[in-house]
file input.txt (compact mmCIF, C-alpha atoms)
# COMPACT_ATOMS: atom_id res chain seq x y z
CA GLY U 7 4.79 -0.81 81.74
CA ALA U 8 7.73 -1.85 79.71
CA LEU U 9 10.79 -3.02 81.59
CA LEU U 10 14.08 -1.90 80.18
CA LEU U 11 17.65 -2.15 81.27
CA LEU U 12 20.38 0.14 80.04
CA PHE U 13 24.05 -0.63 79.66
CA ALA U 14 26.39 -0.84 82.58
CA ALA U 15 29.86 0.66 82.59
CA ALA U 16 32.03 -1.44 84.83
CA GLY U 17 35.10 -0.92 86.94
CA GLY U 18 37.08 -3.69 88.63
CA ALA U 19 37.95 -3.24 92.28
CA GLN U 20 41.30 -4.99 92.13
CA ASN U 21 42.85 -3.54 89.00
CA ALA U 22 40.79 -0.34 88.85
CA GLU U 23 40.07 -0.95 85.17
CA LYS U 24 37.60 1.55 83.75
CA LEU U 25 35.40 1.18 80.71
CA ARG U 26 33.60 4.20 79.40
CA ASN U 27 30.84 3.70 76.90
CA HIS U 28 30.01 6.36 74.40
CA PHE U 29 28.23 6.13 71.11
CA ASP U 30 29.95 8.86 69.07
CA SER U 31 31.04 6.47 66.30
CA ASP U 32 27.91 4.29 66.29
CA GLY U 33 25.39 4.71 63.49
CA LEU U 34 22.01 6.13 64.46
CA LEU U 35 19.18 3.59 64.67
CA ARG U 36 21.65 0.67 64.77
CA GLU U 37 22.56 -1.65 67.62
CA PRO U 38 25.43 -0.24 69.67
CA ALA U 39 28.84 -1.79 69.08
CA PHE U 40 30.63 -3.73 71.84
CA PHE U 41 27.41 -5.01 73.45
CA ASP U 42 25.64 -8.36 73.65
CA PHE U 43 21.89 -8.53 74.22
CA LEU U 44 19.75 -10.87 76.32
CA VAL U 45 16.17 -11.01 77.51
CA LEU U 46 16.06 -12.25 81.10
CA GLY U 47 13.00 -13.51 82.94
CA PRO U 48 9.81 -13.95 80.93
CA PRO U 49 10.44 -13.91 77.16
CA GLY U 50 9.76 -10.80 75.16
CA LYS U 51 11.17 -9.04 72.15
CA ALA U 52 13.79 -6.37 72.69
CA ASP U 53 15.31 -3.82 70.32
CA TRP U 54 18.34 -1.74 71.31
CA LYS U 55 19.22 1.26 69.13
CA VAL U 56 21.61 4.18 69.18
CA VAL U 57 19.54 7.35 69.13
CA GLY U 58 20.27 11.06 69.23
CA GLY U 59 18.73 13.44 71.66
CA TYR U 60 19.04 16.55 73.69
CA ASN U 61 21.65 16.63 76.42
CA PRO U 62 22.62 12.92 76.77
CA PRO U 63 25.62 12.27 79.03
CA SER U 64 27.36 10.59 76.08
CA ALA U 65 26.50 13.40 73.65
CA PRO U 66 25.49 13.46 70.92
CA ASN U 67 24.09 9.88 71.09
CA HIS U 68 22.81 7.41 73.64
CA VAL U 69 21.51 3.85 73.54
CA SER U 70 17.91 3.02 74.30
CA GLN U 71 15.54 0.07 74.42
CA VAL U 72 13.00 1.10 71.77
CA MET U 73 10.56 -1.85 71.74
CA PRO U 74 7.19 -0.58 73.04
CA ASN U 75 4.89 -2.66 75.24
CA ARG U 76 7.43 -5.16 76.58
CA PRO U 77 6.19 -7.74 79.13
CA ALA U 78 6.22 -6.21 82.64
CA ASP U 79 8.62 -8.72 84.24
CA SER U 80 10.88 -9.22 81.23
CA ILE U 81 14.33 -7.62 81.44
CA ALA U 82 15.91 -6.46 78.19
CA ALA U 83 19.62 -6.31 78.98
CA ALA U 84 22.57 -4.89 77.05
CA PHE U 85 25.90 -6.26 78.31
CA ARG U 86 29.27 -4.66 77.62
CA ARG U 87 31.14 -7.25 75.58
CA ASN U 88 34.47 -8.63 76.85
CA SER U 89 34.14 -7.39 80.41
CA THR U 90 33.53 -9.50 83.50
CA PHE U 91 33.69 -8.36 87.11
CA ARG U 92 32.58 -9.84 90.40
CA ASP U 93 33.38 -6.86 92.61
CA GLY U 94 33.69 -3.25 91.59
CA ALA U 95 31.51 -0.30 90.65
CA TRP U 96 29.00 -0.04 87.82
CA SER U 97 27.09 3.04 86.73
CA VAL U 98 24.51 3.97 84.15
CA ALA U 99 22.91 7.29 83.17
CA MET U 100 19.15 7.00 82.71
CA ARG U 101 16.72 9.44 81.18
CA GLN U 102 13.51 10.27 83.01
CA GLY U 103 10.38 8.76 81.49
CA ASN U 104 8.25 5.64 81.59
CA GLY U 105 9.53 2.14 82.20
CA ARG U 106 12.35 0.94 84.40
CA GLY U 107 16.09 1.00 84.03
CA GLY U 108 18.99 -0.28 86.04
CA ILE U 109 21.94 -2.60 86.24
CA VAL U 110 22.29 -6.38 86.03
CA PHE U 111 25.43 -7.58 87.83
CA ARG U 112 27.08 -10.69 89.25
CA MET U 113 25.46 -12.76 86.52
CA THR U 114 26.51 -16.42 86.44
CA GLY U 115 23.86 -17.51 83.92
CA GLU U 116 20.66 -16.32 82.28
CA GLY U 117 18.67 -17.32 85.38
CA ASP U 118 21.19 -16.35 88.06
CA PHE U 119 22.02 -12.69 88.68
CA LEU U 120 21.40 -9.59 90.78
CA VAL U 121 19.51 -6.62 89.36
CA LEU U 122 18.74 -3.15 90.67
CA LEU U 123 15.84 -1.55 88.82
CA VAL U 124 14.46 1.96 89.22
CA ASP U 125 10.98 2.92 88.04
CA LEU U 126 11.81 6.05 86.05
CA ALA U 127 8.33 7.54 86.54
CA THR U 128 7.92 7.02 90.31
CA GLY U 129 11.49 6.69 91.59
CA GLU U 130 10.78 3.35 93.29
CA ALA U 131 13.85 1.08 93.36
CA ARG U 132 14.13 -2.68 93.86
CA LEU U 133 17.21 -4.89 94.31
CA SER U 134 16.42 -8.49 93.36
CA PHE U 135 18.32 -11.76 93.34
CA TYR U 136 17.46 -14.27 90.62
CA ARG U 137 18.26 -17.97 91.06
CA ASN U 138 17.11 -20.40 88.39
CA GLY U 139 14.94 -17.62 86.99
CA GLN U 140 13.02 -17.04 90.25
CA ALA U 141 13.22 -13.56 91.75
CA THR U 142 13.63 -12.74 95.43
CA ASP U 143 13.52 -9.11 96.55
CA LEU U 144 16.51 -8.17 98.71
CA ALA U 145 15.81 -4.46 99.24
CA ARG U 146 13.45 -1.69 98.23
CA GLY U 147 13.85 2.03 98.32
CA ALA U 148 13.01 5.23 96.53
CA VAL U 149 15.22 7.80 94.86
CA LYS U 150 15.00 11.33 96.17
CA ASP U 151 14.27 14.10 93.68
CA HIS U 152 13.78 11.57 90.88
CA ASN U 153 12.26 14.21 88.59
CA HIS U 154 14.96 16.80 89.31
CA ASN U 155 17.17 16.15 86.25
CA GLU U 156 16.45 14.93 82.73
CA TRP U 157 19.33 12.42 83.11
CA ASN U 158 20.32 10.73 86.38
CA VAL U 159 23.17 8.39 87.28
CA LEU U 160 22.64 5.13 89.16
CA LYS U 161 25.82 3.64 90.64
CA ILE U 162 26.28 0.27 92.33
CA SER U 163 29.36 -0.74 94.32
CA ALA U 164 29.92 -4.35 95.33
CA ALA U 165 32.66 -5.87 97.49
CA GLY U 166 32.02 -9.43 98.65
CA PRO U 167 28.57 -9.57 100.27
CA ARG U 168 28.36 -5.77 100.64
CA ILE U 169 26.34 -3.95 97.98
CA SER U 170 25.56 -0.24 98.01
CA ALA U 171 23.77 1.99 95.54
CA GLN U 172 23.70 5.69 94.85
CA TRP U 173 21.37 7.89 92.81
CA GLU U 174 23.01 11.13 91.72
CA GLY U 175 25.74 10.60 94.32
CA LYS U 176 23.31 10.14 97.23
CA PRO U 177 22.73 6.80 99.03
CA LEU U 178 19.79 4.83 97.71

call {"tool": "encode", "arguments": {"input": "input.txt", "output": "structure tokens"}}
result
Amino acid sequence: GALLLLFAAAGGAQNAEKLRNHFDSDGLLREPAFFDFLVLGPPGKADWKVVGGYNPPSAPNHVSQVMPNRPADSIAAAFRRNSTFRDGAWSVAMRQGNGRGGIVFRMTGEGDFLVLLVDLATGEARLSFYRNGQATDLARGAVKDHNHNEWNVLKISAAGPRISAQWEGKPL
């Protein structure tokens, strides 16, 4: 299935800076403002658009990767422009469906980063470390009640070598 990655709202641990992303002033079917886009891992086309929908957390619009049939191991990533953090907390609301979504963090280059991806159909989660474009799995898990809500929030907290994740406020 297609692999997709949604935006990450970031918060710095030291200065407690908070960025909230909403798409109220973005035009429908356009790229969201304040984001840069990359394809990580195997190449593949990606297409990020602001779309409307029922009950998004950033009502009335949300951003979505709309390119069908993306390569399975390719990561389409939308990065919040002008924000960099090493430690802190990142969260993203994801809509149930096919494909995978998650958060890329601690990125030092296009081949060096951490990523936590959740399969939105099965609830399977995987934390991976990429170095020079090669992935190593660090942890696997599964979200509980992954079909309970239409939208769910994935949150990652990182402080030094300690990384924790939550799905709807419960440890992942």

call {"tool": "closest_residue", "arguments": {"input": "input.txt", "among": "U:Ala65, U:Ala82, U:Val57, U:Met100", "to": "Glu116 in chain U", "atoms": "all atoms listed in the file"}}
result
U:Ala82

call {"tool": "residues_around", "arguments": {"input": "input.txt", "residues": "His154 in chain U", "least_positions_apart": "4", "cutoff": "10 Å", "atoms": "only C-alpha atoms", "output": "list in words"}}
result
Gln102, Lys150 and Asn158 of chain U

call {"tool": "closest_residue", "arguments": {"input": "input.txt", "among": "U:Ala141, U:Ala164, U:Ala83, U:Val159", "to": "Lys176 in chain U", "atoms": "only C-alpha atoms"}}
result
U:Val159

call {"tool": "atom_distance", "arguments": {"input": "input.txt", "atom1": "CA of Arg86 in chain U", "atom2": "CA of Gly33 in chain U"}}
result
17.4 Å

call {"tool": "atom_distance", "arguments": {"input": "input.txt", "atom1": "CA of Ala95 in chain U", "atom2": "CA of Arg168 in chain U"}}
result
11.8 Å

call {"tool": "atom_distance", "arguments": {"input": "input.txt", "atom1": "CA of Pro38 in chain U", "atom2": "CA of Arg87 in chain U"}}
result
10.8 Å

call {"tool": "residues_around", "arguments": {"input": "input.txt", "residues": "Leu178 in chain U", "least_positions_apart": "5", "cutoff": "7 Å", "atoms": "only C-alpha atoms", "output": "number ranges by chain"}}
result
U: 147-149, 171-173

call {"tool": "write_last_selection", "arguments": {"input": "input.txt", "atoms": "C-alpha atoms", "output": "compact mmCIF listing (two decimals), in the coordinates of the input"}}
result
# COMPACT_ATOMS: atom_id res chain seq x y z
CA GLY U 147 13.85 2.03 98.32
CA ALA U 148 13.01 5.23 96.53
CA VAL U 149 15.22 7.80 94.86
CA ALA U 171 23.77 1.99 95.54
CA GLN U 172 23.70 5.69 94.85
CA TRP U 173 21.37 7.89 92.81

call {"tool": "closest_residue", "arguments": {"input": "input.txt", "among": "U:Leu120, U:Leu44, U:Ala165, U:Val98", "to": "Gln140 in chain U", "atoms": "only C-alpha atoms"}}
result
U:Leu120

call {"tool": "closest_residue", "arguments": {"input": "input.txt", "among": "U:Ser170, U:Leu144, U:Arg92, U:Ala52", "to": "Met73 in chain U", "atoms": "all atoms listed in the file"}}
result
U:Ala52

call {"tool": "residues_around", "arguments": {"input": "input.txt", "residues": "Tyr136 in chain U", "least_positions_apart": "3", "cutoff": "10 Å", "atoms": "all atoms listed in the file", "output": "ChimeraX atom specification"}}
result
/U:46-47,113,115-121,139-143

call {"tool": "build_atoms", "arguments": {"input": "input.txt", "residues": "range 129-140 of chain U", "atoms": "all heavy atoms", "output": "PDB file, in the coordinates of the input"}}
result
ATOM      1  N   GLY U 129      10.289   6.662  90.762  1.00  0.00           N
ATOM      2  CA  GLY U 129      11.490   6.690  91.590  1.00  0.00           C
ATOM      3  C   GLY U 129      11.629   5.487  92.504  1.00  0.00           C
ATOM      4  O   GLY U 129      12.589   5.384  93.260  1.00  0.00           O
ATOM      5  N   GLU U 130      10.692   4.544  92.454  1.00  0.00           N
ATOM      6  CA  GLU U 130      10.780   3.350  93.290  1.00  0.00           C
ATOM      7  C   GLU U 130      11.909   2.462  92.774  1.00  0.00           C
ATOM      8  O   GLU U 130      12.053   2.256  91.575  1.00  0.00           O
ATOM      9  CB  GLU U 130       9.462   2.578  93.271  1.00  0.00           C
ATOM     10  CG  GLU U 130       8.333   3.340  93.917  1.00  0.00           C
ATOM     11  CD  GLU U 130       7.007   2.601  93.810  1.00  0.00           C
ATOM     12  OE1 GLU U 130       7.011   1.363  93.689  1.00  0.00           O
ATOM     13  OE2 GLU U 130       5.973   3.282  93.839  1.00  0.00           O
ATOM     14  N   ALA U 131      12.708   1.922  93.717  1.00  0.00           N
ATOM     15  CA  ALA U 131      13.850   1.080  93.360  1.00  0.00           C
ATOM     16  C   ALA U 131      13.709  -0.281  94.034  1.00  0.00           C
ATOM     17  O   ALA U 131      13.185  -0.388  95.146  1.00  0.00           O
ATOM     18  CB  ALA U 131      15.146   1.751  93.800  1.00  0.00           C
ATOM     19  N   ARG U 132      14.212  -1.323  93.325  1.00  0.00           N
ATOM     20  CA  ARG U 132      14.130  -2.680  93.860  1.00  0.00           C
ATOM     21  C   ARG U 132      15.398  -3.453  93.494  1.00  0.00           C
ATOM     22  O   ARG U 132      15.768  -3.515  92.324  1.00  0.00           O
ATOM     23  CB  ARG U 132      12.901  -3.383  93.302  1.00  0.00           C
ATOM     24  CG  ARG U 132      12.685  -4.765  93.865  1.00  0.00           C
ATOM     25  CD  ARG U 132      11.443  -5.396  93.312  1.00  0.00           C
ATOM     26  NE  ARG U 132      11.748  -5.821  91.941  1.00  0.00           N
ATOM     27  CZ  ARG U 132      10.857  -6.277  91.094  1.00  0.00           C
ATOM     28  NH1 ARG U 132       9.583  -6.326  91.421  1.00  0.00           N
ATOM     29  NH2 ARG U 132      11.217  -6.664  89.903  1.00  0.00           N
ATOM     30  N   LEU U 133      16.067  -4.003  94.503  1.00  0.00           N
ATOM     31  CA  LEU U 133      17.210  -4.890  94.310  1.00  0.00           C
ATOM     32  C   LEU U 133      16.686  -6.310  94.418  1.00  0.00           C
ATOM     33  O   LEU U 133      16.078  -6.674  95.437  1.00  0.00           O
ATOM     34  CB  LEU U 133      18.292  -4.636  95.356  1.00  0.00           C
ATOM     35  CG  LEU U 133      19.484  -5.593  95.341  1.00  0.00           C
ATOM     36  CD1 LEU U 133      20.283  -5.449  94.043  1.00  0.00           C
ATOM     37  CD2 LEU U 133      20.373  -5.354  96.557  1.00  0.00           C
ATOM     38  N   SER U 134      16.908  -7.119  93.374  1.00  0.00           N
ATOM     39  CA  SER U 134      16.420  -8.490  93.360  1.00  0.00           C
ATOM     40  C   SER U 134      17.534  -9.462  93.040  1.00  0.00           C
ATOM     41  O   SER U 134      18.473  -9.136  92.310  1.00  0.00           O
ATOM     42  CB  SER U 134      15.304  -8.657  92.318  1.00  0.00           C
ATOM     43  OG  SER U 134      14.222  -7.806  92.589  1.00  0.00           O
ATOM     44  N   PHE U 135      17.407 -10.656  93.584  1.00  0.00           N
ATOM     45  CA  PHE U 135      18.320 -11.760  93.340  1.00  0.00           C
ATOM     46  C   PHE U 135      17.541 -12.814  92.553  1.00  0.00           C
ATOM     47  O   PHE U 135      16.456 -13.214  92.965  1.00  0.00           O
ATOM     48  CB  PHE U 135      18.792 -12.326  94.681  1.00  0.00           C
ATOM     49  CG  PHE U 135      19.560 -13.608  94.576  1.00  0.00           C
ATOM     50  CD1 PHE U 135      20.789 -13.654  93.946  1.00  0.00           C
ATOM     51  CD2 PHE U 135      19.051 -14.774  95.116  1.00  0.00           C
ATOM     52  CE1 PHE U 135      21.500 -14.832  93.856  1.00  0.00           C
ATOM     53  CE2 PHE U 135      19.757 -15.960  95.039  1.00  0.00           C
ATOM     54  CZ  PHE U 135      20.985 -15.988  94.398  1.00  0.00           C
ATOM     55  N   TYR U 136      18.081 -13.226  91.424  1.00  0.00           N
ATOM     56  CA  TYR U 136      17.460 -14.270  90.620  1.00  0.00           C
ATOM     57  C   TYR U 136      18.290 -15.542  90.731  1.00  0.00           C
ATOM     58  O   TYR U 136      19.500 -15.520  90.542  1.00  0.00           O
ATOM     59  CB  TYR U 136      17.388 -13.863  89.147  1.00  0.00           C
ATOM     60  CG  TYR U 136      16.243 -12.951  88.811  1.00  0.00           C
ATOM     61  CD1 TYR U 136      16.255 -11.619  89.204  1.00  0.00           C
ATOM     62  CD2 TYR U 136      15.147 -13.418  88.093  1.00  0.00           C
ATOM     63  CE1 TYR U 136      15.209 -10.778  88.889  1.00  0.00           C
ATOM     64  CE2 TYR U 136      14.093 -12.582  87.778  1.00  0.00           C
ATOM     65  CZ  TYR U 136      14.124 -11.255  88.179  1.00  0.00           C
ATOM     66  OH  TYR U 136      13.083 -10.422  87.868  1.00  0.00           O
ATOM     67  N   ARG U 137      17.624 -16.654  91.062  1.00  0.00           N
ATOM     68  CA  ARG U 137      18.260 -17.970  91.060  1.00  0.00           C
ATOM     69  C   ARG U 137      17.332 -18.894  90.276  1.00  0.00           C
ATOM     70  O   ARG U 137      16.152 -18.975  90.586  1.00  0.00           O
ATOM     71  CB  ARG U 137      18.486 -18.505  92.454  1.00  0.00           C
ATOM     72  CG  ARG U 137      19.069 -19.922  92.388  1.00  0.00           C
ATOM     73  CD  ARG U 137      19.677 -20.491  93.625  1.00  0.00           C
ATOM     74  NE  ARG U 137      20.559 -19.684  94.400  1.00  0.00           N
ATOM     75  CZ  ARG U 137      21.884 -19.583  94.217  1.00  0.00           C
ATOM     76  NH1 ARG U 137      22.460 -20.195  93.211  1.00  0.00           N
ATOM     77  NH2 ARG U 137      22.604 -18.859  95.035  1.00  0.00           N
ATOM     78  N   ASN U 138      17.887 -19.529  89.268  1.00  0.00           N
ATOM     79  CA  ASN U 138      17.110 -20.400  88.390  1.00  0.00           C
ATOM     80  C   ASN U 138      15.876 -19.686  87.846  1.00  0.00           C
ATOM     81  O   ASN U 138      14.810 -20.281  87.707  1.00  0.00           O
ATOM     82  CB  ASN U 138      16.712 -21.693  89.102  1.00  0.00           C
ATOM     83  CG  ASN U 138      17.917 -22.502  89.515  1.00  0.00           C
ATOM     84  OD1 ASN U 138      18.901 -22.577  88.778  1.00  0.00           O
ATOM     85  ND2 ASN U 138      17.857 -23.087  90.700  1.00  0.00           N
ATOM     86  N   GLY U 139      16.014 -18.400  87.582  1.00  0.00           N
ATOM     87  CA  GLY U 139      14.940 -17.620  86.990  1.00  0.00           C
ATOM     88  C   GLY U 139      13.881 -17.134  87.963  1.00  0.00           C
ATOM     89  O   GLY U 139      12.958 -16.425  87.572  1.00  0.00           O
ATOM     90  N   GLN U 140      13.991 -17.467  89.244  1.00  0.00           N
ATOM     91  CA  GLN U 140      13.020 -17.040  90.250  1.00  0.00           C
ATOM     92  C   GLN U 140      13.566 -15.850  91.021  1.00  0.00           C
ATOM     93  O   GLN U 140      14.679 -15.892  91.545  1.00  0.00           O
ATOM     94  CB  GLN U 140      12.719 -18.203  91.222  1.00  0.00           C
ATOM     95  CG  GLN U 140      12.107 -19.409  90.551  1.00  0.00           C
ATOM     96  CD  GLN U 140      10.755 -19.110  89.928  1.00  0.00           C
ATOM     97  OE1 GLN U 140       9.893 -18.460  90.550  1.00  0.00           O
ATOM     98  NE2 GLN U 140      10.551 -19.544  88.700  1.00  0.00           N
TER      99      GLN U 140
END
